[in-house]
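**Student:** Below are the structure tokens for one structure; questions will follow.
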Amino acid sequence: MGFRAASTSRWLGFCCALLVASQATARLSVTRDPAGQWLIREGQHPVLRYNFQAVPVPKGVTGIYAVARSDYIHPLYGFNGEVLTTDYAPDHPHHRGIYWAWPEVTYQGKTHDLHALQGVFARPEKLLRAAADGQSAVLEATNRWLWENKEPIVRETVRIQVHRSENGIRRIDLGFRYAALRPGVTIARRKREAYGGLNVRLSPRTDQEIVRHTGAPAFPGPECWAELSGIPTGSTTPVGVLILQHPGNVNHPEDWVQYPELNWLQPAFPTKGTAFELIPEKPLRLDYRLVVRQGEGLKTPRAQLAQEFAPDWQPFSRIASYRFGDDTA
């Protein structure tokens with residue numbers, strides 16, 4: 001190796017060391033923009049934006065499904081600022097990054113579509129918390145589902161927690177609580193068999209790969225994960241978005257639903273062929289973890305990342321509150 005090559009190698013190594021050091025010392029923060037949306041950053045780098053307030057329809061986007069929406073994550077970013085999600089997609093204008101919604105919400109004998117923004121809508125109610133301590137950043141808010149944009153039928157609580165990244169791995173925990181405000185509200189997947197629940201519409205990839213895994217039945221639950229990876233537009237390096245289900249979720253393990261042509265991957269809830277009734281005094285609880293990984297982070301086994309999620313979960317913790325006649329789930 002010549003002097004010039006050796007010097008270049010040392011310089012690149014020095015730059016990489018600086019980058020790693022800066023990531024190790026970067027603090028997480030939460031800020032609010034003028035439109036009322038919330039941005040989580042790690043150091044100077046954006047991590048995600050939670051659109052708490054309505055996002056207007058962009059110019060040129062038309063059709064019945066081009067409807068202003070709130071209560072979703074977009075953009076989700078990679079470590080180098082890559083935009084990993086899609087909003088107002090031309091093929092499906094109602095798709096909105098990472099969002100939690102069902103295509104069949106039934107109330108008083110009628111069915112509307114929260115997923116496609118038809119007849120029932122999630123509207124912001126209250127921001128409960130926006131805080132960061134350097135190690136993690138948390139956003140917590142409540143939204144109300146308005147039936148025909150008038151009558152509140154469900155109160156939804158959403159909690160987003162971003163943990164400090166390390167070695168090309170960023171963990172994002174998503175927690176949802178759904179409490180009916182009126183009796184007789186049910187949720188279901190499209191035709192009770194397709195999509196619904198935590199919807200993940202990612203941005204276009206080259207060399208896209210989708211991996212889904214649900215292990216054999218085991219106590220307290222089978223290993224379960226899925227990941228969409230590939231090179232996002234404008235980038236030269238692959239990024240993976242790994243989705244993990246909490247073992248305490250009702251109906252765990254949930255079905256994995258994918259639409260590769262739409263860069264779509266999700267855990268679908270509830271079980272095929274069923275509708276789930278939301279009960280006022282017993283909120284439905286669903287928890288997930290997204291793991292954004294890049295570079296060295298892609299070398300960590302998915303099984304290891306799955307095992308790190310909810311290590312303190314106690315599968316029998318709810319038995320003490322069980323009452324005769326309760327749903328056995």
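Chain labels A, B, ... are given in the sequence in which chains occur in the structure tokens; within each chain residues are numbered consecutively from 1, and ligands are likewise numbered from 1 in the order shown.
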Where does range 106-181 of chain A meet range 281-302 of chain A within 7 Å, residue by residue, with the nearest atom pair and distance in Å to one decimal for each, counting only C-alpha atoms, listed by chain and rising number, as a tab-separated table?
**Tutor:**
```
residue	atom	partner	partner_atom	distance
A:Asn167	CA	A:Gly297	CA	5.8
A:Gly168	CA	A:Gly297	CA	4.3
A:Ile169	CA	A:Arg293	CA	4.5
A:Arg170	CA	A:Val292	CA	5.1
A:Arg171	CA	A:Val291	CA	4.6
A:Ile172	CA	A:Leu290	CA	5.0
A:Asp173	CA	A:Arg289	CA	4.4
A:Leu174	CA	A:Tyr288	CA	5.2
A:Gly175	CA	A:Asp287	CA	4.5
A:Phe176	CA	A:Leu286	CA	5.3
A:Arg177	CA	A:Arg285	CA	4.7
A:Tyr178	CA	A:Leu284	CA	5.0
A:Ala179	CA	A:Pro283	CA	4.3
```
**Student:** Go ahead and write the residues just picked, N, CA, C and O atoms, as a PDB file, in the first residue's frame.
**Tutor:**
```pdb
ATOM      1  N   ASN A 167     -24.947   1.054  17.458  1.00  0.00           N
ATOM      2  CA  ASN A 167     -24.420   0.100  16.476  1.00  0.00           C
ATOM      3  C   ASN A 167     -25.362  -0.109  15.287  1.00  0.00           C
ATOM      4  O   ASN A 167     -25.571  -1.224  14.820  1.00  0.00           O
ATOM      5  N   GLY A 168     -25.935   0.994  14.797  1.00  0.00           N
ATOM      6  CA  GLY A 168     -26.791   0.909  13.625  1.00  0.00           C
ATOM      7  C   GLY A 168     -28.156   0.326  13.891  1.00  0.00           C
ATOM      8  O   GLY A 168     -28.839  -0.123  12.949  1.00  0.00           O
ATOM      9  N   ILE A 169     -28.612   0.348  15.152  1.00  0.00           N
ATOM     10  CA  ILE A 169     -29.926  -0.189  15.528  1.00  0.00           C
ATOM     11  C   ILE A 169     -30.693   0.883  16.288  1.00  0.00           C
ATOM     12  O   ILE A 169     -30.187   1.453  17.257  1.00  0.00           O
ATOM     13  N   ARG A 170     -31.930   1.137  15.855  1.00  0.00           N
ATOM     14  CA  ARG A 170     -32.799   2.095  16.545  1.00  0.00           C
ATOM     15  C   ARG A 170     -34.120   1.392  16.866  1.00  0.00           C
ATOM     16  O   ARG A 170     -34.802   0.877  15.981  1.00  0.00           O
ATOM     17  N   ARG A 171     -34.489   1.379  18.126  1.00  0.00           N
ATOM     18  CA  ARG A 171     -35.706   0.711  18.593  1.00  0.00           C
ATOM     19  C   ARG A 171     -36.797   1.743  18.852  1.00  0.00           C
ATOM     20  O   ARG A 171     -36.561   2.729  19.550  1.00  0.00           O
ATOM     21  N   ILE A 172     -37.987   1.477  18.321  1.00  0.00           N
ATOM     22  CA  ILE A 172     -39.129   2.383  18.467  1.00  0.00           C
ATOM     23  C   ILE A 172     -40.306   1.559  18.970  1.00  0.00           C
ATOM     24  O   ILE A 172     -40.783   0.656  18.280  1.00  0.00           O
ATOM     25  N   ASP A 173     -40.778   1.859  20.171  1.00  0.00           N
ATOM     26  CA  ASP A 173     -41.903   1.132  20.748  1.00  0.00           C
ATOM     27  C   ASP A 173     -43.202   1.886  20.504  1.00  0.00           C
ATOM     28  O   ASP A 173     -43.284   3.107  20.714  1.00  0.00           O
ATOM     29  N   LEU A 174     -44.223   1.140  20.082  1.00  0.00           N
ATOM     30  CA  LEU A 174     -45.548   1.696  19.813  1.00  0.00           C
ATOM     31  C   LEU A 174     -46.564   0.996  20.703  1.00  0.00           C
ATOM     32  O   LEU A 174     -46.666  -0.241  20.680  1.00  0.00           O
ATOM     33  N   GLY A 175     -47.302   1.781  21.477  1.00  0.00           N
ATOM     34  CA  GLY A 175     -48.331   1.210  22.346  1.00  0.00           C
ATOM     35  C   GLY A 175     -49.672   1.868  22.077  1.00  0.00           C
ATOM     36  O   GLY A 175     -49.754   3.100  21.962  1.00  0.00           O
ATOM     37  N   PHE A 176     -50.721   1.057  21.985  1.00  0.00           N
ATOM     38  CA  PHE A 176     -52.057   1.562  21.669  1.00  0.00           C
ATOM     39  C   PHE A 176     -53.070   1.017  22.672  1.00  0.00           C
ATOM     40  O   PHE A 176     -53.016  -0.151  23.050  1.00  0.00           O
ATOM     41  N   ARG A 177     -54.015   1.887  23.066  1.00  0.00           N
ATOM     42  CA  ARG A 177     -55.125   1.491  23.920  1.00  0.00           C
ATOM     43  C   ARG A 177     -56.410   2.011  23.274  1.00  0.00           C
ATOM     44  O   ARG A 177     -56.495   3.192  22.904  1.00  0.00           O
ATOM     45  N   TYR A 178     -57.402   1.147  23.172  1.00  0.00           N
ATOM     46  CA  TYR A 178     -58.662   1.512  22.524  1.00  0.00           C
ATOM     47  C   TYR A 178     -59.806   1.225  23.490  1.00  0.00           C
ATOM     48  O   TYR A 178     -60.068   0.066  23.831  1.00  0.00           O
ATOM     49  N   ALA A 179     -60.496   2.285  23.930  1.00  0.00           N
ATOM     50  CA  ALA A 179     -61.627   2.147  24.838  1.00  0.00           C
ATOM     51  C   ALA A 179     -62.880   2.686  24.152  1.00  0.00           C
ATOM     52  O   ALA A 179     -62.907   3.842  23.714  1.00  0.00           O
TER      53      ALA A 179
END
```
**Student:** Would you kindly return, as a short mmCIF file (atom, residue, chain, number, x, y, z; two decimals) with N, CA and C atoms, in the first residue's frame, each protein, DNA or RNA residue with an atom no farther than 8 Å from any atom of Glu193 in chain A, considering only C-alpha atoms and excluding same-chain residues fewer than 5 positions away?
**Tutor:**
```
data_model
loop_
_atom_site.label_atom_id
_atom_site.label_comp_id
_atom_site.auth_asym_id
_atom_site.auth_seq_id
_atom_site.Cartn_x
_atom_site.Cartn_y
_atom_site.Cartn_z
N THR A 271 -57.96 -11.86 14.50
CA THR A 271 -57.83 -13.12 13.79
C THR A 271 -58.76 -13.16 12.59
N LYS A 272 -58.32 -13.83 11.53
CA LYS A 272 -59.16 -13.98 10.33
C LYS A 272 -60.54 -14.52 10.70
N GLY A 273 -61.55 -13.98 10.01
CA GLY A 273 -62.91 -14.47 10.19
C GLY A 273 -63.62 -13.93 11.40
#
```
**Student:** Counting only C-alpha atoms, which residue out of A:Leu278, A:Tyr88, A:Glu156, A:Asp207 sits closest to Lys59 in chain A?
**Tutor:**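 With only C-alpha atoms as the atom set, the closest residue is A:Tyr88.
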**Student:** Just the number, please: distance in Å from CA of Thr214 in chain A to CA of Pro253 in chain A, one decimal.
**Tutor:** 7.4 Å
**Student:** Can you write out as CSV which residues of range 184-205 of chain A fall within 10 Å of range 113-127 of chain A, alongside each residue's closest atom pair and its distance in Å to one decimal, counting only C-alpha atoms and ordering rows by chain and ascending residue number?
**Tutor:**
```
residue,atom,partner,partner_atom,distance
A:Ile187,CA,A:Leu114,CA,9.6
A:Ala188,CA,A:Asp113,CA,10.0
A:Arg189,CA,A:His115,CA,9.7
A:Arg190,CA,A:Asp113,CA,9.3
A:Tyr195,CA,A:His115,CA,9.4
A:Gly196,CA,A:His115,CA,7.5
A:Gly197,CA,A:His115,CA,8.8
A:Asn199,CA,A:His115,CA,8.8
```
**Student:** Okay, now the selection with N, CA, C and O atoms, as a PDB file, in the first residue's frame?
**Tutor:**
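Saved the output as again-v3.pdb:
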```
ATOM      1  N   ILE A 187     -64.302  -3.878  15.479  1.00  0.00           N
ATOM      2  CA  ILE A 187     -63.294  -3.623  14.451  1.00  0.00           C
ATOM      3  C   ILE A 187     -62.948  -4.935  13.767  1.00  0.00           C
ATOM      4  O   ILE A 187     -62.976  -5.998  14.394  1.00  0.00           O
ATOM      5  N   ALA A 188     -62.624  -4.865  12.478  1.00  0.00           N
ATOM      6  CA  ALA A 188     -62.286  -6.078  11.733  1.00  0.00           C
ATOM      7  C   ALA A 188     -61.404  -5.723  10.550  1.00  0.00           C
ATOM      8  O   ALA A 188     -61.336  -4.568  10.113  1.00  0.00           O
ATOM      9  N   ARG A 189     -60.715  -6.739  10.050  1.00  0.00           N
ATOM     10  CA  ARG A 189     -59.910  -6.601   8.850  1.00  0.00           C
ATOM     11  C   ARG A 189     -60.812  -6.515   7.616  1.00  0.00           C
ATOM     12  O   ARG A 189     -62.013  -6.769   7.686  1.00  0.00           O
ATOM     13  N   ARG A 190     -60.220  -6.129   6.479  1.00  0.00           N
ATOM     14  CA  ARG A 190     -60.976  -6.047   5.224  1.00  0.00           C
ATOM     15  C   ARG A 190     -61.552  -7.433   4.904  1.00  0.00           C
ATOM     16  O   ARG A 190     -60.821  -8.408   4.797  1.00  0.00           O
ATOM     17  N   TYR A 195     -56.196  -7.010   5.372  1.00  0.00           N
ATOM     18  CA  TYR A 195     -55.384  -6.089   6.163  1.00  0.00           C
ATOM     19  C   TYR A 195     -56.215  -5.369   7.217  1.00  0.00           C
ATOM     20  O   TYR A 195     -57.437  -5.282   7.138  1.00  0.00           O
ATOM     21  N   GLY A 196     -55.500  -4.827   8.194  1.00  0.00           N
ATOM     22  CA  GLY A 196     -56.127  -4.052   9.260  1.00  0.00           C
ATOM     23  C   GLY A 196     -55.296  -4.138  10.519  1.00  0.00           C
ATOM     24  O   GLY A 196     -54.701  -5.170  10.819  1.00  0.00           O
ATOM     25  N   GLY A 197     -55.225  -3.032  11.266  1.00  0.00           N
ATOM     26  CA  GLY A 197     -54.433  -2.997  12.495  1.00  0.00           C
ATOM     27  C   GLY A 197     -53.297  -2.011  12.368  1.00  0.00           C
ATOM     28  O   GLY A 197     -53.511  -0.845  12.014  1.00  0.00           O
ATOM     29  N   ASN A 199     -50.721  -0.651  10.280  1.00  0.00           N
ATOM     30  CA  ASN A 199     -50.429  -0.625   8.846  1.00  0.00           C
ATOM     31  C   ASN A 199     -49.092   0.055   8.605  1.00  0.00           C
ATOM     32  O   ASN A 199     -48.829   1.145   9.126  1.00  0.00           O
TER      33      ASN A 199
END
```
**Student:** Find the residue from A:Val61, A:Val158, A:Ile98, A:Ala66 that sits nearest to Trp264 in chain A; use only C-alpha atoms when measuring.
**Tutor:**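 Counting only C-alpha atoms, the residue closest to Trp264 in chain A is A:Ile98.
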**Student:** As an MDAnalysis selection string, please: the residues near range 310-316 of chain A (cut-off 10 Å, only C-alpha atoms, same-chain neighbours under 3 positions excluded).
**Tutor:** chainID A and resid 219:221 245:248 287:289 306:307 319:320
**Student:** Could you dump the residues just selected with C-alpha atoms as a PDB file, in the first residue's frame?
**Tutor:**
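Final file, out.pdb:
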```pdb
ATOM      1  CA  PHE A 219     -44.537 -20.946  26.024  1.00  0.00           C
ATOM      2  CA  PRO A 220     -45.014 -18.058  26.637  1.00  0.00           C
ATOM      3  CA  GLY A 221     -45.335 -17.470  22.875  1.00  0.00           C
ATOM      4  CA  GLN A 245     -45.279  -8.140  18.133  1.00  0.00           C
ATOM      5  CA  HIS A 246     -45.606  -8.061  21.903  1.00  0.00           C
ATOM      6  CA  PRO A 247     -46.310 -11.577  23.221  1.00  0.00           C
ATOM      7  CA  GLY A 248     -49.105 -10.190  25.396  1.00  0.00           C
ATOM      8  CA  ASP A 287     -47.975  -3.201  21.599  1.00  0.00           C
ATOM      9  CA  TYR A 288     -45.299  -3.433  18.920  1.00  0.00           C
ATOM     10  CA  ARG A 289     -41.664  -2.556  18.332  1.00  0.00           C
ATOM     11  CA  ALA A 306     -37.036 -10.235  19.119  1.00  0.00           C
ATOM     12  CA  GLN A 307     -35.862 -11.736  22.407  1.00  0.00           C
ATOM     13  CA  ILE A 319     -54.989 -13.777  35.965  1.00  0.00           C
ATOM     14  CA  ALA A 320     -55.419 -11.922  39.256  1.00  0.00           C
TER      15      ALA A 320
END
```
**Student:** Assign secondary structure with DSSP using the backbone only, and return the residues of range 173-281 of chain A in strand (DSSP E) as a PyMOL selection string.
**Tutor:** chain A and resi 173-180+185-188+197-200+205-214+224-232+239-245+255-259+264-268+276-278
**Student:** When you count only C-alpha atoms, which of these residues is closest to Gly184 in chain A: A:Ile279, A:Ile160, A:Leu244, A:Leu146?
**Tutor:**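 Closest to Gly184 in chain A of all the choices is A:Ile279.
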**Student:** Report as a list in words all protein, DNA and RNA residues lying within 10 Å of Pro280 in chain A, evaluated on only C-alpha atoms, omitting residues in the same chain fewer than 5 positions from it.
**Tutor:** Ile153, Val154, Arg155, Tyr178, Ala179, Ala180, Leu181, Arg182, Pro183, Gly184 and Val185 of chain A
**Student:** Could you save those same residues with N, CA and C atoms as a PDB file, in the first residue's frame?
**Tutor:**
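New file part_24.pdb:
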```pdb
ATOM      1  N   ILE A 153     -66.933   7.707  19.380  1.00  0.00           N
ATOM      2  CA  ILE A 153     -67.284   6.323  19.721  1.00  0.00           C
ATOM      3  C   ILE A 153     -66.127   5.557  20.358  1.00  0.00           C
ATOM      4  N   VAL A 154     -64.890   6.019  20.178  1.00  0.00           N
ATOM      5  CA  VAL A 154     -63.723   5.342  20.743  1.00  0.00           C
ATOM      6  C   VAL A 154     -62.704   6.392  21.173  1.00  0.00           C
ATOM      7  N   ARG A 155     -62.104   6.166  22.335  1.00  0.00           N
ATOM      8  CA  ARG A 155     -60.947   6.974  22.735  1.00  0.00           C
ATOM      9  C   ARG A 155     -59.702   6.108  22.568  1.00  0.00           C
ATOM     10  N   TYR A 178     -57.402   1.147  23.172  1.00  0.00           N
ATOM     11  CA  TYR A 178     -58.662   1.512  22.524  1.00  0.00           C
ATOM     12  C   TYR A 178     -59.806   1.225  23.490  1.00  0.00           C
ATOM     13  N   ALA A 179     -60.496   2.285  23.930  1.00  0.00           N
ATOM     14  CA  ALA A 179     -61.627   2.147  24.838  1.00  0.00           C
ATOM     15  C   ALA A 179     -62.880   2.686  24.152  1.00  0.00           C
ATOM     16  N   ALA A 180     -63.896   1.848  24.043  1.00  0.00           N
ATOM     17  CA  ALA A 180     -65.140   2.297  23.419  1.00  0.00           C
ATOM     18  C   ALA A 180     -65.820   3.342  24.300  1.00  0.00           C
ATOM     19  N   LEU A 181     -66.350   4.355  23.670  1.00  0.00           N
ATOM     20  CA  LEU A 181     -67.141   5.376  24.365  1.00  0.00           C
ATOM     21  C   LEU A 181     -68.631   5.118  24.219  1.00  0.00           C
ATOM     22  N   ARG A 182     -68.961   4.195  23.347  1.00  0.00           N
ATOM     23  CA  ARG A 182     -70.339   3.771  23.138  1.00  0.00           C
ATOM     24  C   ARG A 182     -70.344   2.249  23.040  1.00  0.00           C
ATOM     25  N   PRO A 183     -71.413   1.596  23.477  1.00  0.00           N
ATOM     26  CA  PRO A 183     -71.457   0.131  23.347  1.00  0.00           C
ATOM     27  C   PRO A 183     -71.676  -0.293  21.904  1.00  0.00           C
ATOM     28  N   GLY A 184     -71.197  -1.503  21.587  1.00  0.00           N
ATOM     29  CA  GLY A 184     -71.492  -2.076  20.281  1.00  0.00           C
ATOM     30  C   GLY A 184     -70.543  -1.693  19.173  1.00  0.00           C
ATOM     31  N   VAL A 185     -69.321  -1.247  19.491  1.00  0.00           N
ATOM     32  CA  VAL A 185     -68.328  -0.907  18.467  1.00  0.00           C
ATOM     33  C   VAL A 185     -67.443  -2.132  18.219  1.00  0.00           C
TER      34      VAL A 185
END
```
**Student:** Env of range 129-131 of chain A: 9 Å cut, atoms = only C-alpha atoms, seq-sep filter 3 positions within chain, self excluded. Answer as a list in words.
**Tutor:**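 Counting only C-alpha atoms, the residues come to Ser29, Val30, Thr31, Trp38, Ser136, Ala137, Val138, Leu139, Glu140, Ala141 and Arg159 of chain A.
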**Student:** Give me a file of those residues, with C-alpha atoms, as a PDB file, in the first residue's frame.
**Tutor:**
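Once everything was written out, this is out_2.pdb:
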```pdb
ATOM      1  CA  SER A  29     -35.180  15.439  21.782  1.00  0.00           C
ATOM      2  CA  VAL A  30     -38.841  16.227  21.083  1.00  0.00           C
ATOM      3  CA  THR A  31     -39.945  19.439  19.387  1.00  0.00           C
ATOM      4  CA  TRP A  38     -44.174  16.473  16.790  1.00  0.00           C
ATOM      5  CA  SER A 136     -35.239   7.968  25.128  1.00  0.00           C
ATOM      6  CA  ALA A 137     -37.973  10.245  23.844  1.00  0.00           C
ATOM      7  CA  VAL A 138     -41.683   9.731  24.487  1.00  0.00           C
ATOM      8  CA  LEU A 139     -44.842  11.073  22.909  1.00  0.00           C
ATOM      9  CA  GLU A 140     -48.247  10.171  24.326  1.00  0.00           C
ATOM     10  CA  ALA A 141     -51.586  11.462  23.081  1.00  0.00           C
ATOM     11  CA  ARG A 159     -47.595   6.038  23.015  1.00  0.00           C
TER      12      ARG A 159
END
```
**Student:** What is the CA of Thr157 in chain A-CA of Ser203 in chain A distance in Å, reported with one decimal?
**Tutor:**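 Calculated distance between CA of Thr157 in chain A and CA of Ser203 in chain A is 26.5 Å.
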**Student:** Pick the closest to Pro260 in chain A from A:Thr274, A:Thr206, A:Thr237, A:Asn143: which is it, counting only C-alpha atoms?
**Tutor:** A:Thr206
**Student:** List as a compact mmCIF listing (two decimals) with N, CA and C atoms, in the first residue's frame the protein and nucleic acid residues near range 49-52 of chain A, meaning an atom at most 8 Å away when only C-alpha atoms are counted, but skip any in the same chain fewer than 2 places from it.
**Tutor:**
```txt
# COMPACT_ATOMS: atom_id res chain seq x y z
N GLY A 36 -48.14 22.05 14.45
CA GLY A 36 -48.65 21.25 15.57
C GLY A 36 -48.23 19.80 15.53
N GLN A 37 -47.30 19.46 14.64
CA GLN A 37 -46.80 18.09 14.57
C GLN A 37 -45.56 17.96 15.46
N TRP A 38 -45.25 16.71 15.85
CA TRP A 38 -44.17 16.47 16.79
C TRP A 38 -43.04 15.71 16.13
N LEU A 39 -41.83 16.23 16.29
CA LEU A 39 -40.64 15.64 15.67
C LEU A 39 -39.70 15.15 16.75
N ILE A 40 -39.27 13.90 16.61
CA ILE A 40 -38.25 13.34 17.49
C ILE A 40 -36.94 13.30 16.72
N VAL A 47 -35.64 11.45 13.47
CA VAL A 47 -35.99 10.04 13.65
C VAL A 47 -37.38 9.76 13.08
N ALA A 54 -54.11 17.46 11.73
CA ALA A 54 -54.45 17.07 10.36
C ALA A 54 -53.38 17.53 9.37
N VAL A 55 -53.07 16.65 8.45
CA VAL A 55 -52.15 16.96 7.35
C VAL A 55 -53.00 17.18 6.10
N SER A 70 -54.94 12.69 10.31
CA SER A 70 -54.04 12.92 11.44
C SER A 70 -53.78 11.60 12.13
N ASP A 71 -52.97 11.62 13.20
CA ASP A 71 -52.73 10.45 14.03
C ASP A 71 -51.97 9.36 13.29
N TYR A 72 -50.76 9.68 12.83
CA TYR A 72 -49.92 8.68 12.17
C TYR A 72 -48.47 9.16 12.15
N ILE A 73 -47.57 8.24 11.81
CA ILE A 73 -46.14 8.55 11.73
C ILE A 73 -45.72 8.66 10.27
N HIS A 74 -45.19 9.77 9.90
CA HIS A 74 -44.55 10.01 8.60
C HIS A 74 -43.90 11.38 8.65
N PRO A 75 -42.66 11.47 8.23
CA PRO A 75 -41.80 10.38 7.80
C PRO A 75 -41.20 9.61 8.98
N LEU A 76 -40.85 8.35 8.70
CA LEU A 76 -39.89 7.60 9.50
C LEU A 76 -38.58 7.68 8.75
N PRO A 124 -57.55 14.49 16.82
CA PRO A 124 -56.74 14.74 18.01
C PRO A 124 -57.58 15.25 19.16
```
**Student:** Could you check how far CA of Lys110 in chain A sits from CA of Leu265 in chain A, in Å to one decimal?
**Tutor:** 28.6 Å
**Student:** Which one of A:Leu202, A:Leu48, A:Ala303, A:Ala268 sits closest to Thr233 in chain A if you count only C-alpha atoms?
**Tutor:**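 Checking each of A:Leu202, A:Leu48, A:Ala303, A:Ala268 against Thr233 in chain A, counting only C-alpha atoms, the winner is A:Leu202.
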